[in-house]
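Enquirer: Next comes data14.pdb, PDB, C-alpha atoms and all ligand atoms:
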ATOM      1  CA  MET A   9    -131.318 138.804-117.080  1.00  0.00           C
ATOM      2  CA  ARG A  10    -133.813 136.266-118.262  1.00  0.00           C
ATOM      3  CA  LYS A  11    -131.680 135.512-121.262  1.00  0.00           C
ATOM      4  CA  SER A  12    -128.622 134.761-119.161  1.00  0.00           C
ATOM      5  CA  LEU A  13    -130.639 132.445-116.910  1.00  0.00           C
ATOM      6  CA  LEU A  14    -131.810 130.495-119.935  1.00  0.00           C
ATOM      7  CA  PHE A  15    -128.252 130.311-121.180  1.00  0.00           C
ATOM      8  CA  LEU A  16    -127.073 129.039-117.801  1.00  0.00           C
ATOM      9  CA  THR A  17    -129.812 126.381-117.706  1.00  0.00           C
ATOM     10  CA  MET A  18    -128.919 125.197-121.187  1.00  0.00           C
ATOM     11  CA  THR A  19    -125.224 125.107-120.342  1.00  0.00           C
ATOM     12  CA  ILE A  20    -125.900 122.871-117.348  1.00  0.00           C
ATOM     13  CA  PHE A  21    -128.175 120.641-119.408  1.00  0.00           C
ATOM     14  CA  TYR A  22    -125.641 120.209-122.183  1.00  0.00           C
ATOM     15  CA  SER A  23    -122.712 119.549-119.883  1.00  0.00           C
ATOM     16  CA  CYS A  24    -124.681 116.805-118.091  1.00  0.00           C
ATOM     17  CA  ALA A  25    -125.637 115.223-121.402  1.00  0.00           C
ATOM     18  CA  ALA A  26    -122.007 115.274-122.449  1.00  0.00           C
ATOM     19  CA  ILE A  27    -120.897 113.496-119.269  1.00  0.00           C
ATOM     20  CA  ALA A  28    -123.565 110.819-119.652  1.00  0.00           C
ATOM     21  CA  GLN A  29    -122.302 109.983-123.121  1.00  0.00           C
ATOM     22  CA  ASP A  30    -118.609 110.088-122.347  1.00  0.00           C
ATOM     23  CA  ILE A  31    -118.355 106.348-121.763  1.00  0.00           C
ATOM     24  CA  ILE A  32    -119.547 103.893-124.390  1.00  0.00           C
ATOM     25  CA  ILE A  33    -119.455 100.139-123.744  1.00  0.00           C
ATOM     26  CA  SER A  34    -119.390  97.885-126.782  1.00  0.00           C
ATOM     27  CA  LYS A  35    -118.964  94.232-127.806  1.00  0.00           C
ATOM     28  CA  PRO A  36    -119.565  92.700-124.355  1.00  0.00           C
ATOM     29  CA  TRP A  37    -119.382  88.907-124.048  1.00  0.00           C
ATOM     30  CA  MET A  38    -118.445  86.248-121.543  1.00  0.00           C
ATOM     31  CA  ARG A  39    -117.388  82.653-121.641  1.00  0.00           C
ATOM     32  CA  PRO A  40    -119.754  79.923-120.470  1.00  0.00           C
ATOM     33  CA  GLY A  41    -119.175  78.451-117.020  1.00  0.00           C
ATOM     34  CA  ILE A  42    -120.587  75.936-114.592  1.00  0.00           C
ATOM     35  CA  ALA A  43    -121.912  76.604-111.098  1.00  0.00           C
ATOM     36  CA  GLY A  44    -119.085  77.012-108.584  1.00  0.00           C
ATOM     37  CA  SER A  45    -116.442  77.773-111.213  1.00  0.00           C
ATOM     38  CA  ASN A  46    -115.092  81.070-112.554  1.00  0.00           C
ATOM     39  CA  THR A  47    -115.469  82.900-115.832  1.00  0.00           C
ATOM     40  CA  ALA A  48    -114.686  86.321-117.289  1.00  0.00           C
ATOM     41  CA  VAL A  49    -116.426  89.190-119.082  1.00  0.00           C
ATOM     42  CA  TYR A  50    -114.751  90.983-121.976  1.00  0.00           C
ATOM     43  CA  LEU A  51    -115.768  94.277-123.590  1.00  0.00           C
ATOM     44  CA  LEU A  52    -114.556  97.544-125.062  1.00  0.00           C
ATOM     45  CA  ILE A  53    -114.750 100.809-123.122  1.00  0.00           C
ATOM     46  CA  THR A  54    -114.582 103.999-125.165  1.00  0.00           C
ATOM     47  CA  ASN A  55    -114.089 107.400-123.563  1.00  0.00           C
ATOM     48  CA  ASN A  56    -115.453 110.104-125.863  1.00  0.00           C
ATOM     49  CA  GLY A  57    -114.906 112.760-123.207  1.00  0.00           C
ATOM     50  CA  LYS A  58    -112.206 115.331-122.746  1.00  0.00           C
ATOM     51  CA  VAL A  59    -111.000 114.002-119.394  1.00  0.00           C
ATOM     52  CA  ASP A  60    -109.784 110.576-118.335  1.00  0.00           C
ATOM     53  CA  HIS A  61    -112.303 108.289-116.629  1.00  0.00           C
ATOM     54  CA  GLU A  62    -111.847 105.339-114.288  1.00  0.00           C
ATOM     55  CA  LEU A  63    -113.672 102.036-114.069  1.00  0.00           C
ATOM     56  CA  VAL A  64    -113.659 101.406-110.313  1.00  0.00           C
ATOM     57  CA  ASP A  65    -116.133  98.585-109.711  1.00  0.00           C
ATOM     58  CA  ALA A  66    -118.134  95.829-111.383  1.00  0.00           C
ATOM     59  CA  GLU A  67    -121.070  93.840-110.065  1.00  0.00           C
ATOM     60  CA  SER A  68    -122.892  90.781-111.328  1.00  0.00           C
ATOM     61  CA  GLN A  69    -125.741  88.775-109.845  1.00  0.00           C
ATOM     62  CA  VAL A  70    -124.419  85.527-111.346  1.00  0.00           C
ATOM     63  CA  ALA A  71    -121.229  85.394-109.261  1.00  0.00           C
ATOM     64  CA  VAL A  72    -120.468  85.456-105.537  1.00  0.00           C
ATOM     65  CA  ILE A  73    -117.428  87.667-106.194  1.00  0.00           C
ATOM     66  CA  THR A  74    -116.862  90.079-109.100  1.00  0.00           C
ATOM     67  CA  GLU A  75    -113.417  91.647-109.525  1.00  0.00           C
ATOM     68  CA  ILE A  76    -111.486  93.713-112.048  1.00  0.00           C
ATOM     69  CA  HIS A  77    -108.412  91.755-113.176  1.00  0.00           C
ATOM     70  CA  LYS A  78    -105.384  92.202-115.342  1.00  0.00           C
ATOM     71  CA  THR A  79    -103.084  89.491-116.656  1.00  0.00           C
ATOM     72  CA  VAL A  80     -99.362  89.765-115.954  1.00  0.00           C
ATOM     73  CA  MET A  81     -96.377  87.632-116.927  1.00  0.00           C
ATOM     74  CA  GLU A  82     -94.236  86.399-114.073  1.00  0.00           C
ATOM     75  CA  ASN A  83     -91.300  84.091-114.895  1.00  0.00           C
ATOM     76  CA  ASP A  84     -92.977  83.165-118.180  1.00  0.00           C
ATOM     77  CA  ILE A  85     -96.149  82.184-116.379  1.00  0.00           C
ATOM     78  CA  SER A  86     -99.222  84.318-116.916  1.00  0.00           C
ATOM     79  CA  LYS A  87    -101.253  85.069-113.854  1.00  0.00           C
ATOM     80  CA  MET A  88    -104.237  87.204-112.969  1.00  0.00           C
ATOM     81  CA  VAL A  89    -104.024  90.079-110.525  1.00  0.00           C
ATOM     82  CA  ARG A  90    -106.831  92.130-109.056  1.00  0.00           C
ATOM     83  CA  VAL A  91    -106.711  95.873-109.792  1.00  0.00           C
ATOM     84  CA  ASP A  92    -108.540  98.745-108.083  1.00  0.00           C
ATOM     85  CA  LYS A  93    -109.351 100.526-111.308  1.00  0.00           C
ATOM     86  CA  ILE A  94    -108.854 100.726-115.039  1.00  0.00           C
ATOM     87  CA  VAL A  95    -108.106 104.178-116.442  1.00  0.00           C
ATOM     88  CA  ILE A  96    -109.818 105.014-119.735  1.00  0.00           C
ATOM     89  CA  PRO A  97    -107.825 107.937-121.196  1.00  0.00           C
ATOM     90  CA  ALA A  98    -109.779 110.751-122.861  1.00  0.00           C
ATOM     91  CA  GLY A  99    -110.547 109.970-126.504  1.00  0.00           C
ATOM     92  CA  GLN A 100    -109.359 106.361-126.278  1.00  0.00           C
ATOM     93  CA  THR A 101    -110.765 102.847-126.232  1.00  0.00           C
ATOM     94  CA  VAL A 102    -109.535 100.280-123.725  1.00  0.00           C
ATOM     95  CA  ALA A 103    -110.089  96.607-124.542  1.00  0.00           C
ATOM     96  CA  LEU A 104    -110.900  94.035-121.898  1.00  0.00           C
ATOM     97  CA  GLN A 105    -109.977  90.861-123.741  1.00  0.00           C
ATOM     98  CA  PRO A 106    -108.669  87.307-123.252  1.00  0.00           C
ATOM     99  CA  LYS A 107    -105.071  87.275-121.931  1.00  0.00           C
ATOM    100  CA  GLY A 108    -105.508  90.903-120.842  1.00  0.00           C
ATOM    101  CA  MET A 109    -107.768  92.887-118.565  1.00  0.00           C
ATOM    102  CA  HIS A 110    -111.179  91.415-117.769  1.00  0.00           C
ATOM    103  CA  ILE A 111    -114.044  91.360-115.308  1.00  0.00           C
ATOM    104  CA  MET A 112    -113.627  88.172-113.265  1.00  0.00           C
ATOM    105  CA  LEU A 113    -116.772  86.374-112.157  1.00  0.00           C
ATOM    106  CA  MET A 114    -115.815  84.033-109.308  1.00  0.00           C
ATOM    107  CA  ASN A 115    -117.805  81.221-107.735  1.00  0.00           C
ATOM    108  CA  LEU A 116    -120.710  81.268-110.202  1.00  0.00           C
ATOM    109  CA  LYS A 117    -124.110  80.832-108.582  1.00  0.00           C
ATOM    110  CA  HIS A 118    -125.420  78.760-111.510  1.00  0.00           C
ATOM    111  CA  ASP A 119    -124.396  77.517-114.944  1.00  0.00           C
ATOM    112  CA  LEU A 120    -123.869  80.129-117.669  1.00  0.00           C
ATOM    113  CA  ASN A 121    -124.863  78.615-120.985  1.00  0.00           C
ATOM    114  CA  VAL A 122    -124.202  79.863-124.506  1.00  0.00           C
ATOM    115  CA  GLY A 123    -127.116  82.005-125.676  1.00  0.00           C
ATOM    116  CA  SER A 124    -128.030  83.390-122.255  1.00  0.00           C
ATOM    117  CA  VAL A 125    -127.658  87.085-121.473  1.00  0.00           C
ATOM    118  CA  TYR A 126    -126.838  88.539-118.045  1.00  0.00           C
ATOM    119  CA  GLU A 127    -126.539  92.047-116.648  1.00  0.00           C
ATOM    120  CA  LEU A 128    -123.237  93.511-115.545  1.00  0.00           C
ATOM    121  CA  VAL A 129    -123.147  96.805-113.635  1.00  0.00           C
ATOM    122  CA  LEU A 130    -120.060  98.949-114.175  1.00  0.00           C
ATOM    123  CA  SER A 131    -119.172 101.875-111.904  1.00  0.00           C
ATOM    124  CA  PHE A 132    -117.081 104.757-113.183  1.00  0.00           C
ATOM    125  CA  LYS A 133    -115.695 107.311-110.753  1.00  0.00           C
ATOM    126  CA  GLY A 134    -117.886 110.413-110.765  1.00  0.00           C
ATOM    127  CA  LEU A 135    -120.233 109.064-113.465  1.00  0.00           C
ATOM    128  CA  GLU A 136    -123.537 107.221-113.457  1.00  0.00           C
ATOM    129  CA  THR A 137    -123.288 103.443-113.286  1.00  0.00           C
ATOM    130  CA  GLN A 138    -123.763 101.613-116.564  1.00  0.00           C
ATOM    131  CA  VAL A 139    -125.788  98.445-116.936  1.00  0.00           C
ATOM    132  CA  VAL A 140    -124.436  96.226-119.700  1.00  0.00           C
ATOM    133  CA  GLN A 141    -126.242  93.226-121.229  1.00  0.00           C
ATOM    134  CA  VAL A 142    -123.614  90.516-121.618  1.00  0.00           C
ATOM    135  CA  PRO A 143    -124.284  87.496-123.845  1.00  0.00           C
ATOM    136  CA  VAL A 144    -122.620  84.151-123.112  1.00  0.00           C
ATOM    137  CA  LYS A 145    -120.523  83.050-126.096  1.00  0.00           C
ATOM    138  CA  GLN A 146    -117.915  80.451-126.895  1.00  0.00           C
ATOM    139  CA  GLY A 147    -114.543  82.257-126.945  1.00  0.00           C
TER     140      GLY A 147
HETATM  141 CU    CU B   1    -109.243  86.955-113.707  1.00  0.00          CU
END
Just give me the structure of the file as structure tokens.
Expert:
Amino acid sequence: MRKSLLFLTMTIFYSCAAIAQDIIISKPWMRPGIAGSNTAVYLLITNNGKVDHELVDAESQVAVITEIHKTVMENDISKMVRVDKIVIPAGQTVALQPKGMHIMLMNLKHDLNVGSVYELVLSFKGLETQVVQVPVKQG
């Protein structure tokens, strides 16, 4: 009886640990920008889990509005479109990169200069939010 309880406790502990490590964010960076203008955050999202995960929200203190965007071609003109979520398939890495998906920071509250680092909070459906330190770099 006691043995099975211990086993159960350990099972719960290990499954929680596994979920917490499912999503790995790497290589975050963003372009510099001036107050009142827009800029974008780029990064890699790796899903080491066995189920698909979804990025559903992003927040930043440096911008009035933060949105998840993708870039689409329309009549040979590229334009940005807001999306509700980005699916990160199990075992895969999704790149947010220039000319592709990105986190859009709109109406910057102050200048973002090369060398500065700012927090970005990413929300994944059903997972803990992730706080990412994003350095400002020249693209
Ligand atoms: Cu955009």
Enquirer: What residues come out when you apply the PyMOL selection byres (((not hetatm)) within 6 of (chain B and resi 1)) to this file, written as number ranges by chain?
Expert: A: 77, 88, 112
Enquirer: To one decimal place in Å, what is the distance between atom CA of A:Ala66 and atom CA of A:Asn121?
Expert: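 Computing the Euclidean distance for atom CA of A:Ala66 and atom CA of A:Asn121 yields 20.8 Å.
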Enquirer: Ranking A:Val59, A:Ile94, A:Leu51, A:Val144 by minimum distance to A:Ser131 and counting all atoms listed in the file, which one comes first?
Expert: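 The answer is A:Ile94, which sits nearest to A:Ser131.
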Enquirer: Within 10 Å of (-123.1, 92.7, -111.0), only C-alpha atoms: residues as a list of chain:residue names?
Expert: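 Every polymer residue passing the test: A:Asp65, A:Ala66, A:Glu67, A:Ser68, A:Gln69, A:Val70, A:Ala71, A:Val72, A:Ile73, A:Thr74, A:Glu75, A:Leu113, A:Tyr126, A:Glu127, A:Leu128, A:Val129, A:Leu130, A:Val139, A:Val140.
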Enquirer: Any chance you can output those residues with C-alpha atoms as a PDB file, keeping the file's coordinate frame?
Expert:
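Here's the written file selection27.pdb:
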ATOM      1  CA  ASP A  65    -116.133  98.585-109.711  1.00  0.00           C
ATOM      2  CA  ALA A  66    -118.134  95.829-111.383  1.00  0.00           C
ATOM      3  CA  GLU A  67    -121.070  93.840-110.065  1.00  0.00           C
ATOM      4  CA  SER A  68    -122.892  90.781-111.328  1.00  0.00           C
ATOM      5  CA  GLN A  69    -125.741  88.775-109.845  1.00  0.00           C
ATOM      6  CA  VAL A  70    -124.419  85.527-111.346  1.00  0.00           C
ATOM      7  CA  ALA A  71    -121.229  85.394-109.261  1.00  0.00           C
ATOM      8  CA  VAL A  72    -120.468  85.456-105.537  1.00  0.00           C
ATOM      9  CA  ILE A  73    -117.428  87.667-106.194  1.00  0.00           C
ATOM     10  CA  THR A  74    -116.862  90.079-109.100  1.00  0.00           C
ATOM     11  CA  GLU A  75    -113.417  91.647-109.525  1.00  0.00           C
ATOM     12  CA  LEU A 113    -116.772  86.374-112.157  1.00  0.00           C
ATOM     13  CA  TYR A 126    -126.838  88.539-118.045  1.00  0.00           C
ATOM     14  CA  GLU A 127    -126.539  92.047-116.648  1.00  0.00           C
ATOM     15  CA  LEU A 128    -123.237  93.511-115.545  1.00  0.00           C
ATOM     16  CA  VAL A 129    -123.147  96.805-113.635  1.00  0.00           C
ATOM     17  CA  LEU A 130    -120.060  98.949-114.175  1.00  0.00           C
ATOM     18  CA  VAL A 139    -125.788  98.445-116.936  1.00  0.00           C
ATOM     19  CA  VAL A 140    -124.436  96.226-119.700  1.00  0.00           C
TER      20      VAL A 140
END
Enquirer: Quick one: residues within 9 Å of A:Ile42, all atoms listed in the file, excluding same-chain residues fewer than 6 positions away - as a list of chain:residue names?
Expert: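 What passes the distance filter is A:Leu116, A:Lys117, A:His118, A:Asp119, A:Leu120, A:Asn121.
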Enquirer: Can you write out the residues you just picked, keeping C-alpha atoms, as a PDB file, in the coordinates of the input?
Expert:
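again23.pdb was written with the following content:
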ATOM      1  CA  LEU A 116    -120.710  81.268-110.202  1.00  0.00           C
ATOM      2  CA  LYS A 117    -124.110  80.832-108.582  1.00  0.00           C
ATOM      3  CA  HIS A 118    -125.420  78.760-111.510  1.00  0.00           C
ATOM      4  CA  ASP A 119    -124.396  77.517-114.944  1.00  0.00           C
ATOM      5  CA  LEU A 120    -123.869  80.129-117.669  1.00  0.00           C
ATOM      6  CA  ASN A 121    -124.863  78.615-120.985  1.00  0.00           C
TER       7      ASN A 121
END
Enquirer: One decimal, Å: what's the distance from atom CA of A:His61 over to atom CA of A:Phe132, could you say?
Expert: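 Result for atom CA of A:His61 versus atom CA of A:Phe132: 6.9 Å, one decimal.
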Enquirer: Which value, in Å to one decimal, gives the distance between atom CA of A:His110 and atom CA of A:Lys87?
Expert: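 Atom-to-atom, atom CA of A:His110 to atom CA of A:Lys87, that is 12.4 Å.
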Enquirer: Just the residues within 12 Å of A:Gln100, please, counting only C-alpha atoms, with nothing from its chain fewer than 5 positions along; format it as a PyMOL selection string.
Expert: chain A and resi 30-32+52-61+95
Enquirer: Can you pull out every residue within 7 Å of A:Tyr50, counting only C-alpha atoms, but drop anything in the same chain fewer than 6 positions away, and send it as an MDAnalysis selection string?
Expert: chainID A and resid 36:38 104:105 110:111
Enquirer: Could you save the residues just selected, with C-alpha atoms, as a PDB file, keeping the file's coordinate frame?
Expert:
ATOM      1  CA  PRO A  36    -119.565  92.700-124.355  1.00  0.00           C
ATOM      2  CA  TRP A  37    -119.382  88.907-124.048  1.00  0.00           C
ATOM      3  CA  MET A  38    -118.445  86.248-121.543  1.00  0.00           C
ATOM      4  CA  LEU A 104    -110.900  94.035-121.898  1.00  0.00           C
ATOM      5  CA  GLN A 105    -109.977  90.861-123.741  1.00  0.00           C
ATOM      6  CA  HIS A 110    -111.179  91.415-117.769  1.00  0.00           C
ATOM      7  CA  ILE A 111    -114.044  91.360-115.308  1.00  0.00           C
TER       8      ILE A 111
END
Enquirer: Set the distance at 6 Å and use all atoms listed in the file: which residues neighbour stretch 78-83 of chain A once local chain neighbours fewer than 5 positions away are removed? I'd like the list as a VMD selection string.
Expert: chain A and resid 88 to 89 108 to 109
Enquirer: Padding 8 Å on each side, edges along x, y and z: where is the centre of the box around the listed atoms of stretch 37-51 of chain A, and how long are its edges in Å to one decimal? Output it as JSON.
Expert:
{"center_x": -118.3, "center_y": 85.1, "center_z": -116.3, "size_x": 23.2, "size_y": 34.3, "size_z": 31.5}
Enquirer: Measuring atom to atom with all atoms listed in the file, identify which of A:Val142, A:Ser86, A:Glu62, A:Pro40 is nearest to A:Lys107.
Expert: A:Ser86
